[in-house]
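S.K.: So I've got this file, structure_0.cif, and it contains mmCIF, N, CA and C atoms:
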data_model
#
loop_
_atom_site.label_atom_id
_atom_site.label_comp_id
_atom_site.auth_asym_id
_atom_site.auth_seq_id
_atom_site.Cartn_x
_atom_site.Cartn_y
_atom_site.Cartn_z
N MET A 1 63.10 -25.59 11.26
CA MET A 1 64.38 -25.99 11.80
C MET A 1 65.37 -26.23 10.65
N ARG A 2 64.91 -26.88 9.61
CA ARG A 2 65.78 -27.22 8.50
C ARG A 2 66.35 -25.96 7.84
N HIS A 3 65.52 -24.91 7.70
CA HIS A 3 65.97 -23.68 7.04
C HIS A 3 67.08 -23.00 7.84
N ARG A 4 66.99 -23.02 9.14
CA ARG A 4 68.01 -22.41 10.00
C ARG A 4 69.34 -23.15 9.85
N ARG A 5 69.27 -24.49 9.83
CA ARG A 5 70.49 -25.27 9.69
C ARG A 5 71.14 -25.05 8.34
N VAL A 6 70.33 -24.98 7.30
CA VAL A 6 70.87 -24.74 5.95
C VAL A 6 71.53 -23.37 5.89
N ALA A 7 70.86 -22.35 6.44
CA ALA A 7 71.43 -21.00 6.42
C ALA A 7 72.72 -20.94 7.25
N ALA A 8 72.72 -21.58 8.41
CA ALA A 8 73.92 -21.56 9.26
C ALA A 8 75.07 -22.28 8.58
N ARG A 9 74.78 -23.43 7.98
CA ARG A 9 75.84 -24.16 7.28
C ARG A 9 76.35 -23.38 6.09
N GLY A 10 75.43 -22.74 5.39
CA GLY A 10 75.84 -21.93 4.24
C GLY A 10 76.73 -20.78 4.65
N TYR A 11 76.37 -20.08 5.72
CA TYR A 11 77.16 -18.97 6.22
C TYR A 11 78.54 -19.47 6.66
N TRP A 12 78.55 -20.58 7.41
CA TRP A 12 79.82 -21.17 7.85
C TRP A 12 80.67 -21.56 6.64
N ALA A 13 80.06 -22.20 5.65
CA ALA A 13 80.81 -22.64 4.47
C ALA A 13 81.39 -21.44 3.72
N LEU A 14 80.63 -20.37 3.58
CA LEU A 14 81.15 -19.18 2.91
C LEU A 14 82.35 -18.62 3.66
N LEU A 15 82.22 -18.46 4.98
CA LEU A 15 83.33 -17.90 5.76
C LEU A 15 84.54 -18.83 5.80
N THR A 16 84.31 -20.12 5.69
CA THR A 16 85.39 -21.09 5.81
C THR A 16 86.12 -21.33 4.50
N PHE A 17 85.40 -21.38 3.38
CA PHE A 17 86.01 -21.84 2.14
C PHE A 17 86.20 -20.78 1.06
N VAL A 18 85.54 -19.64 1.15
CA VAL A 18 85.71 -18.60 0.13
C VAL A 18 86.95 -17.77 0.48
N PRO A 19 87.92 -17.70 -0.42
CA PRO A 19 89.14 -16.95 -0.11
C PRO A 19 88.91 -15.44 -0.11
N VAL A 20 89.65 -14.77 0.76
CA VAL A 20 89.64 -13.30 0.82
C VAL A 20 91.09 -12.82 0.77
N ARG A 21 91.25 -11.55 0.46
CA ARG A 21 92.60 -10.98 0.43
C ARG A 21 93.23 -11.05 1.82
N ASP A 22 94.50 -11.33 1.87
CA ASP A 22 95.21 -11.47 3.14
C ASP A 22 95.58 -10.10 3.70
N ILE A 23 94.54 -9.39 4.13
CA ILE A 23 94.73 -8.08 4.73
C ILE A 23 93.68 -7.90 5.81
N ALA A 24 94.11 -7.40 6.96
CA ALA A 24 93.19 -7.15 8.06
C ALA A 24 92.59 -5.76 7.89
N LEU A 25 91.28 -5.70 7.83
CA LEU A 25 90.60 -4.43 7.66
C LEU A 25 90.23 -3.85 9.02
N ASP A 26 91.24 -3.37 9.73
CA ASP A 26 91.01 -2.64 10.97
C ASP A 26 92.02 -1.51 11.06
N ARG A 27 91.70 -0.54 11.86
CA ARG A 27 92.52 0.69 11.93
C ARG A 27 93.97 0.41 12.28
N ALA A 28 94.20 -0.43 13.28
CA ALA A 28 95.57 -0.70 13.72
C ALA A 28 96.39 -1.38 12.63
N ALA A 29 95.81 -2.38 11.98
CA ALA A 29 96.54 -3.10 10.93
C ALA A 29 96.82 -2.21 9.73
N ILE A 30 95.86 -1.38 9.36
CA ILE A 30 96.06 -0.47 8.23
C ILE A 30 97.13 0.56 8.59
N ALA A 31 97.09 1.08 9.82
CA ALA A 31 98.09 2.06 10.24
C ALA A 31 99.49 1.43 10.26
N THR A 32 99.58 0.18 10.64
CA THR A 32 100.87 -0.51 10.65
C THR A 32 101.43 -0.62 9.24
N ARG A 33 100.57 -0.89 8.28
CA ARG A 33 101.03 -1.08 6.91
C ARG A 33 101.26 0.23 6.17
N LEU A 34 100.48 1.27 6.49
CA LEU A 34 100.61 2.54 5.77
C LEU A 34 101.36 3.61 6.55
N GLY A 35 101.66 3.34 7.80
CA GLY A 35 102.37 4.32 8.60
C GLY A 35 101.41 5.13 9.46
N PRO A 36 101.97 5.92 10.37
CA PRO A 36 101.12 6.70 11.29
C PRO A 36 100.32 7.76 10.54
N GLY A 37 99.30 8.25 11.23
CA GLY A 37 98.45 9.27 10.62
C GLY A 37 97.12 8.67 10.20
N HIS A 38 96.37 9.45 9.48
CA HIS A 38 95.06 9.02 9.02
C HIS A 38 95.13 8.75 7.52
N PRO A 39 95.14 7.47 7.14
CA PRO A 39 95.22 7.16 5.71
C PRO A 39 93.94 7.59 4.99
N THR A 40 94.07 8.01 3.78
CA THR A 40 92.91 8.38 2.99
C THR A 40 92.22 7.12 2.48
N ALA A 41 90.99 7.28 2.07
CA ALA A 41 90.24 6.15 1.52
C ALA A 41 90.94 5.60 0.28
N GLU A 42 91.53 6.47 -0.50
CA GLU A 42 92.24 6.06 -1.71
C GLU A 42 93.49 5.24 -1.36
N GLN A 43 94.22 5.63 -0.32
CA GLN A 43 95.40 4.87 0.10
C GLN A 43 95.01 3.47 0.56
N VAL A 44 93.92 3.39 1.32
CA VAL A 44 93.46 2.08 1.81
C VAL A 44 93.00 1.24 0.63
N ARG A 45 92.27 1.84 -0.31
CA ARG A 45 91.81 1.10 -1.49
C ARG A 45 92.99 0.57 -2.30
N GLN A 46 94.03 1.38 -2.47
CA GLN A 46 95.22 0.93 -3.20
C GLN A 46 95.91 -0.21 -2.47
N LEU A 47 96.01 -0.11 -1.15
CA LEU A 47 96.59 -1.19 -0.36
C LEU A 47 95.77 -2.47 -0.51
N TYR A 48 94.47 -2.33 -0.41
CA TYR A 48 93.57 -3.49 -0.53
C TYR A 48 93.68 -4.11 -1.92
N ASP A 49 93.59 -3.30 -2.94
CA ASP A 49 93.66 -3.81 -4.31
C ASP A 49 95.03 -4.38 -4.65
N GLY A 50 96.09 -3.86 -4.01
CA GLY A 50 97.44 -4.34 -4.26
C GLY A 50 97.78 -5.63 -3.54
N THR A 51 96.93 -6.05 -2.62
CA THR A 51 97.16 -7.30 -1.90
C THR A 51 96.65 -8.45 -2.74
N THR A 52 97.55 -9.31 -3.18
CA THR A 52 97.15 -10.42 -4.04
C THR A 52 97.09 -11.75 -3.31
N ALA A 53 97.75 -11.87 -2.18
CA ALA A 53 97.70 -13.12 -1.41
C ALA A 53 96.31 -13.30 -0.82
N THR A 54 95.85 -14.54 -0.75
CA THR A 54 94.53 -14.82 -0.19
C THR A 54 94.63 -15.84 0.94
N VAL A 55 93.60 -15.83 1.78
CA VAL A 55 93.49 -16.79 2.89
C VAL A 55 92.05 -17.28 2.95
N THR A 56 91.85 -18.41 3.58
CA THR A 56 90.50 -18.92 3.83
C THR A 56 90.38 -19.33 5.29
N GLY A 57 89.15 -19.46 5.73
CA GLY A 57 88.90 -19.95 7.08
C GLY A 57 89.26 -18.98 8.18
N ARG A 58 89.23 -17.69 7.89
CA ARG A 58 89.51 -16.69 8.93
C ARG A 58 88.18 -16.19 9.48
N TYR A 59 88.08 -16.09 10.81
CA TYR A 59 86.84 -15.64 11.43
C TYR A 59 87.03 -14.34 12.22
N GLU A 60 88.26 -13.94 12.49
CA GLU A 60 88.47 -12.78 13.34
C GLU A 60 88.00 -11.50 12.63
N PRO A 61 87.58 -10.51 13.43
CA PRO A 61 87.08 -9.26 12.85
C PRO A 61 88.10 -8.61 11.91
N GLY A 62 87.61 -8.18 10.77
CA GLY A 62 88.46 -7.50 9.80
C GLY A 62 89.16 -8.43 8.82
N ARG A 63 89.11 -9.73 9.07
CA ARG A 63 89.83 -10.68 8.22
C ARG A 63 88.94 -11.76 7.61
N ASN A 64 87.63 -11.62 7.73
CA ASN A 64 86.74 -12.66 7.22
C ASN A 64 85.96 -12.17 6.00
N LEU A 65 85.30 -13.09 5.34
CA LEU A 65 84.57 -12.78 4.12
C LEU A 65 83.50 -11.72 4.34
N ALA A 66 82.76 -11.82 5.43
CA ALA A 66 81.70 -10.85 5.69
C ALA A 66 82.27 -9.43 5.75
N ASN A 67 83.38 -9.25 6.44
CA ASN A 67 84.00 -7.93 6.56
C ASN A 67 84.54 -7.44 5.22
N HIS A 68 85.12 -8.32 4.44
CA HIS A 68 85.65 -7.93 3.13
C HIS A 68 84.53 -7.56 2.16
N LEU A 69 83.40 -8.26 2.23
CA LEU A 69 82.26 -7.89 1.39
C LEU A 69 81.71 -6.53 1.78
N ASP A 70 81.63 -6.26 3.08
CA ASP A 70 81.18 -4.94 3.54
C ASP A 70 82.09 -3.84 3.01
N TYR A 71 83.40 -4.06 3.12
CA TYR A 71 84.35 -3.05 2.65
C TYR A 71 84.17 -2.78 1.15
N ARG A 72 83.99 -3.84 0.39
CA ARG A 72 83.89 -3.70 -1.06
C ARG A 72 82.55 -3.16 -1.54
N PHE A 73 81.44 -3.57 -0.90
CA PHE A 73 80.13 -3.30 -1.49
C PHE A 73 79.16 -2.51 -0.63
N LEU A 74 79.47 -2.26 0.64
CA LEU A 74 78.55 -1.53 1.51
C LEU A 74 78.94 -0.05 1.54
N PRO A 75 78.13 0.79 0.91
CA PRO A 75 78.49 2.21 0.85
C PRO A 75 78.22 2.91 2.18
N GLY A 76 78.77 4.10 2.32
CA GLY A 76 78.51 4.92 3.49
C GLY A 76 79.38 4.59 4.68
N ALA A 77 79.01 5.20 5.81
CA ALA A 77 79.76 5.02 7.05
C ALA A 77 79.54 3.63 7.59
N LYS A 78 80.60 3.04 8.09
CA LYS A 78 80.54 1.70 8.66
C LYS A 78 80.97 1.75 10.12
N TYR A 79 80.61 0.73 10.86
CA TYR A 79 80.88 0.66 12.29
C TYR A 79 82.36 0.81 12.61
N ASP A 80 83.21 0.05 11.93
CA ASP A 80 84.64 0.06 12.22
C ASP A 80 85.42 0.68 11.07
N LEU A 81 84.86 1.66 10.42
CA LEU A 81 85.44 2.37 9.30
C LEU A 81 85.49 1.53 8.03
N TYR A 82 85.84 0.24 8.15
CA TYR A 82 85.99 -0.60 6.96
C TYR A 82 84.91 -1.68 6.84
N TRP A 83 84.24 -2.04 7.92
CA TRP A 83 83.21 -3.08 7.89
C TRP A 83 82.17 -2.80 8.97
N ASP A 84 81.07 -3.55 8.91
CA ASP A 84 79.97 -3.36 9.85
C ASP A 84 79.50 -4.71 10.38
N PRO A 85 79.30 -4.86 11.69
CA PRO A 85 78.87 -6.15 12.21
C PRO A 85 77.47 -6.56 11.72
N GLU A 86 76.65 -5.62 11.32
CA GLU A 86 75.35 -5.92 10.74
C GLU A 86 75.39 -5.66 9.24
N GLY A 87 76.42 -6.15 8.60
CA GLY A 87 76.64 -5.91 7.19
C GLY A 87 75.84 -6.81 6.28
N LEU A 88 76.30 -6.90 5.05
CA LEU A 88 75.57 -7.63 4.01
C LEU A 88 75.45 -9.12 4.31
N LEU A 89 76.56 -9.81 4.42
CA LEU A 89 76.54 -11.26 4.63
C LEU A 89 76.09 -11.62 6.04
N SER A 90 76.39 -10.78 7.00
CA SER A 90 76.04 -11.06 8.40
C SER A 90 74.54 -11.03 8.63
N THR A 91 73.79 -10.47 7.72
CA THR A 91 72.34 -10.38 7.87
C THR A 91 71.65 -11.71 7.58
N LEU A 92 72.28 -12.59 6.80
CA LEU A 92 71.65 -13.87 6.44
C LEU A 92 71.29 -14.73 7.65
N PRO A 93 72.18 -14.94 8.62
CA PRO A 93 71.80 -15.74 9.79
C PRO A 93 70.68 -15.09 10.60
N ALA A 94 70.65 -13.77 10.65
CA ALA A 94 69.58 -13.09 11.38
C ALA A 94 68.23 -13.32 10.71
N ILE A 95 68.20 -13.29 9.40
CA ILE A 95 66.97 -13.56 8.66
C ILE A 95 66.52 -15.00 8.90
N ALA A 96 67.46 -15.94 8.88
CA ALA A 96 67.12 -17.35 9.11
C ALA A 96 66.56 -17.54 10.51
N THR A 97 67.13 -16.88 11.51
CA THR A 97 66.64 -16.99 12.88
C THR A 97 65.22 -16.43 12.99
N CYS A 98 64.98 -15.31 12.36
CA CYS A 98 63.64 -14.70 12.36
C CYS A 98 62.62 -15.64 11.72
N LEU A 99 62.97 -16.20 10.58
CA LEU A 99 62.05 -17.12 9.91
C LEU A 99 61.80 -18.38 10.74
N LEU A 100 62.81 -18.84 11.45
CA LEU A 100 62.63 -19.99 12.33
C LEU A 100 61.61 -19.66 13.42
N GLY A 101 61.69 -18.47 13.97
CA GLY A 101 60.72 -18.05 14.99
C GLY A 101 59.31 -17.94 14.42
N VAL A 102 59.18 -17.44 13.21
CA VAL A 102 57.87 -17.35 12.56
C VAL A 102 57.30 -18.75 12.33
N MET A 103 58.16 -19.66 11.85
CA MET A 103 57.70 -21.04 11.62
C MET A 103 57.27 -21.70 12.93
N ALA A 104 58.03 -21.49 14.00
CA ALA A 104 57.67 -22.07 15.29
C ALA A 104 56.35 -21.48 15.78
N GLY A 105 56.16 -20.19 15.59
CA GLY A 105 54.91 -19.56 15.99
C GLY A 105 53.72 -20.10 15.22
N CYS A 106 53.87 -20.28 13.92
CA CYS A 106 52.78 -20.86 13.10
C CYS A 106 52.48 -22.28 13.55
N TRP A 107 53.52 -23.05 13.84
CA TRP A 107 53.33 -24.42 14.28
C TRP A 107 52.61 -24.45 15.64
N LEU A 108 52.99 -23.54 16.56
CA LEU A 108 52.34 -23.49 17.87
C LEU A 108 50.87 -23.11 17.76
N ARG A 109 50.53 -22.28 16.81
CA ARG A 109 49.15 -21.85 16.64
C ARG A 109 48.29 -22.89 15.92
N SER A 110 48.93 -23.82 15.25
CA SER A 110 48.16 -24.84 14.52
C SER A 110 47.53 -25.81 15.50
N GLY A 111 46.50 -26.51 15.04
CA GLY A 111 45.83 -27.48 15.89
C GLY A 111 46.26 -28.90 15.61
N VAL A 112 47.43 -29.07 15.02
CA VAL A 112 47.88 -30.40 14.62
C VAL A 112 48.19 -31.29 15.82
N ARG A 113 48.76 -30.76 16.87
CA ARG A 113 49.16 -31.53 18.04
C ARG A 113 48.59 -30.86 19.30
N THR A 114 48.64 -31.61 20.40
CA THR A 114 48.21 -31.04 21.68
C THR A 114 49.31 -30.10 22.18
N ASP A 115 48.95 -29.26 23.14
CA ASP A 115 49.93 -28.33 23.70
C ASP A 115 51.08 -29.08 24.36
N ARG A 116 50.79 -30.18 25.00
CA ARG A 116 51.83 -30.97 25.65
C ARG A 116 52.82 -31.53 24.61
N GLN A 117 52.30 -32.03 23.49
CA GLN A 117 53.16 -32.57 22.43
C GLN A 117 54.02 -31.46 21.83
N LYS A 118 53.42 -30.30 21.64
CA LYS A 118 54.17 -29.17 21.07
C LYS A 118 55.31 -28.76 22.00
N LEU A 119 55.02 -28.67 23.30
CA LEU A 119 56.05 -28.31 24.27
C LEU A 119 57.17 -29.34 24.28
N LYS A 120 56.81 -30.60 24.27
CA LYS A 120 57.81 -31.67 24.29
C LYS A 120 58.72 -31.58 23.05
N ARG A 121 58.12 -31.41 21.89
CA ARG A 121 58.93 -31.32 20.66
C ARG A 121 59.81 -30.06 20.64
N LEU A 122 59.31 -28.95 21.13
CA LEU A 122 60.14 -27.74 21.19
C LEU A 122 61.30 -27.91 22.15
N LEU A 123 61.07 -28.55 23.29
CA LEU A 123 62.15 -28.80 24.25
C LEU A 123 63.21 -29.74 23.66
N VAL A 124 62.77 -30.80 23.00
CA VAL A 124 63.73 -31.73 22.38
C VAL A 124 64.54 -31.01 21.30
N ALA A 125 63.85 -30.24 20.46
CA ALA A 125 64.55 -29.50 19.41
C ALA A 125 65.53 -28.49 20.01
N GLY A 126 65.14 -27.84 21.10
CA GLY A 126 66.02 -26.87 21.75
C GLY A 126 67.27 -27.51 22.32
N VAL A 127 67.10 -28.63 23.00
CA VAL A 127 68.25 -29.34 23.57
C VAL A 127 69.16 -29.85 22.45
N LEU A 128 68.57 -30.39 21.39
CA LEU A 128 69.35 -30.87 20.26
C LEU A 128 70.16 -29.72 19.63
N CYS A 129 69.54 -28.58 19.47
CA CYS A 129 70.25 -27.42 18.92
C CYS A 129 71.38 -26.95 19.83
N LEU A 130 71.16 -26.99 21.14
CA LEU A 130 72.22 -26.61 22.09
C LEU A 130 73.41 -27.55 21.98
N VAL A 131 73.15 -28.84 21.90
CA VAL A 131 74.24 -29.82 21.80
C VAL A 131 74.99 -29.64 20.49
N LEU A 132 74.25 -29.54 19.38
CA LEU A 132 74.89 -29.33 18.08
C LEU A 132 75.69 -28.02 18.06
N GLY A 133 75.12 -26.97 18.61
CA GLY A 133 75.81 -25.69 18.67
C GLY A 133 77.09 -25.74 19.49
N TYR A 134 77.05 -26.47 20.58
CA TYR A 134 78.24 -26.61 21.42
C TYR A 134 79.38 -27.25 20.63
N PHE A 135 79.08 -28.35 19.95
CA PHE A 135 80.12 -29.03 19.20
C PHE A 135 80.55 -28.25 17.95
N TRP A 136 79.61 -27.58 17.33
CA TRP A 136 79.94 -26.77 16.15
C TRP A 136 80.82 -25.58 16.56
N GLY A 137 80.61 -25.09 17.77
CA GLY A 137 81.38 -23.95 18.27
C GLY A 137 82.87 -24.23 18.37
N THR A 138 83.25 -25.50 18.41
CA THR A 138 84.67 -25.82 18.43
C THR A 138 85.31 -25.53 17.08
N GLU A 139 84.52 -25.58 16.01
CA GLU A 139 85.01 -25.31 14.66
C GLU A 139 84.73 -23.86 14.23
N PHE A 140 83.58 -23.37 14.58
CA PHE A 140 83.11 -22.05 14.12
C PHE A 140 82.81 -21.18 15.32
N PRO A 141 83.77 -20.37 15.75
CA PRO A 141 83.56 -19.56 16.97
C PRO A 141 82.48 -18.52 16.77
N SER A 142 81.85 -18.13 17.85
CA SER A 142 80.80 -17.10 17.78
C SER A 142 81.39 -15.72 17.89
#
Can I see the file as structure tokens?
M.R.:
Amino acid sequence: MRHRRVAARGYWALLTFVPVRDIALDRAAIATRLGPGHPTAEQVRQLYDGTTATVTGRYEPGRNLANHLDYRFLPGAKYDLYWDPEGLLSTLPAIATCLLGVMAGCWLRSGVRTDRQKLKRLLVAGVLCLVLGYFWGTEFPS
């Protein structure tokens, strides 16, 4: 449980506090700034590199740290031309969730507690996570 919370807080902190260039990496926003037609990769790179203003705490697609890291460091074709929803930084919470499931499975297979105690603790942990997630969702949208 602790590892999932640390990973989630870390991901949230990165998206909230690390500044990114003040440019939306989506087709419509790029077309608005460069004009109609299909901009070349070089034109988009020049626009991106020429943007010096920065913002923090952006979560919308194309304007957050995860999307900007994908644009800069993820080679090849991407989902939305400039970023990928399963990109570099976005993979960290998925790994944490997987490890949480592995840890829960190992704990369930152990003989440390009775099945009833294990069920009770999993239910309490689940309800606690739902409540925390609900309140956290007011700050960090999904």
S.K.: Could you check how far CA of Thr97 (chain A) sits from atom C of Gly137 (chain A), in Å to one decimal?
M.R.: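 Calculated distance between CA of Thr97 (chain A) and atom C of Gly137 (chain A) is 18.6 Å.
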S.K.: To one decimal place in Å, what is the distance between CA of Leu25 (chain A) and atom N of Ala96 (chain A)?
M.R.: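 Between CA of Leu25 (chain A) and atom N of Ala96 (chain A) the gap is 25.9 Å.
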S.K.: For the file shown, what are the residues hit by the PyMOL selection byres ((chain A and resi 57) around 8), laid out as a list in words?
M.R.: Leu14, Leu15, Thr16, Phe17, Val18, Pro19, Val20, Val55, Thr56, Arg58, Tyr59, Glu60, Arg63, Asn64 and Leu65 of chain A
S.K.: DSSP on the backbone, strand (DSSP E) only: what residues of chain A does that give? Format it as a ChimeraX atom specification.
M.R.: /A:20-21,54-55
S.K.: Please report the interatomic distance between CA of Leu128 (chain A) and atom C of Glu86 (chain A) in Å with one decimal.
M.R.: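 Taking CA of Leu128 (chain A) as the start and atom C of Glu86 (chain A) as the end point, the length is 28.2 Å.
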S.K.: As a list of chain:residue names, please: all residues of region 40-81 of chain A that backbone DSSP puts in alpha helix (DSSP H).
M.R.: A:Ala41, A:Glu42, A:Gln43, A:Val44, A:Arg45, A:Gln46, A:Leu47, A:Tyr48, A:Asp49, A:Gly50, A:Leu65, A:Ala66, A:Asn67, A:His68, A:Leu69, A:Asp70, A:Tyr71, A:Arg72, A:Phe73
S.K.: At a cut-off of 10 Å around the point (74.5, -14.1, 5.2) (file coordinates), what residues fall inside when counting only C-alpha atoms? I'd like the answer as a PyMOL selection string.
M.R.: chain A and resi 7-8+10-12+14-15+66+86-96
S.K.: Around the point (97.0, -5.4, 9.7) (coordinates from the file), which residues reach within 12 Å if we count only C-alpha atoms? Answer as a list in words.
M.R.: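 Nearby residues: Arg21, Asp22, Ile23, Ala24, Leu25, Asp26, Arg27, Ala28, Ala29, Ile30, Ala31, Thr32, Arg33, Leu34, Gly35, Val44, Leu47, Tyr48, Thr51, Glu60, Pro61, Gly62 and Arg63 of chain A.
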S.K.: Using all atoms listed in the file, can you tell me which of A:Gln46, A:Thr40, A:Asn67, A:Gln117 comes closest to Tyr82 (chain A)?
M.R.: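 Selected residue with least distance to Tyr82 (chain A): A:Asn67.
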S.K.: Could you give me the centre and size, in Å to one decimal, of an axis-aligned box around all listed atoms of region 84-92 of chain A with 8 Å added on every side, as AutoDock Vina command-line options?
M.R.:
--center_x 76.2 --center_y -9.0 --center_z 8.1 --size_x 25.8 --size_y 27.4 --size_z 24.2
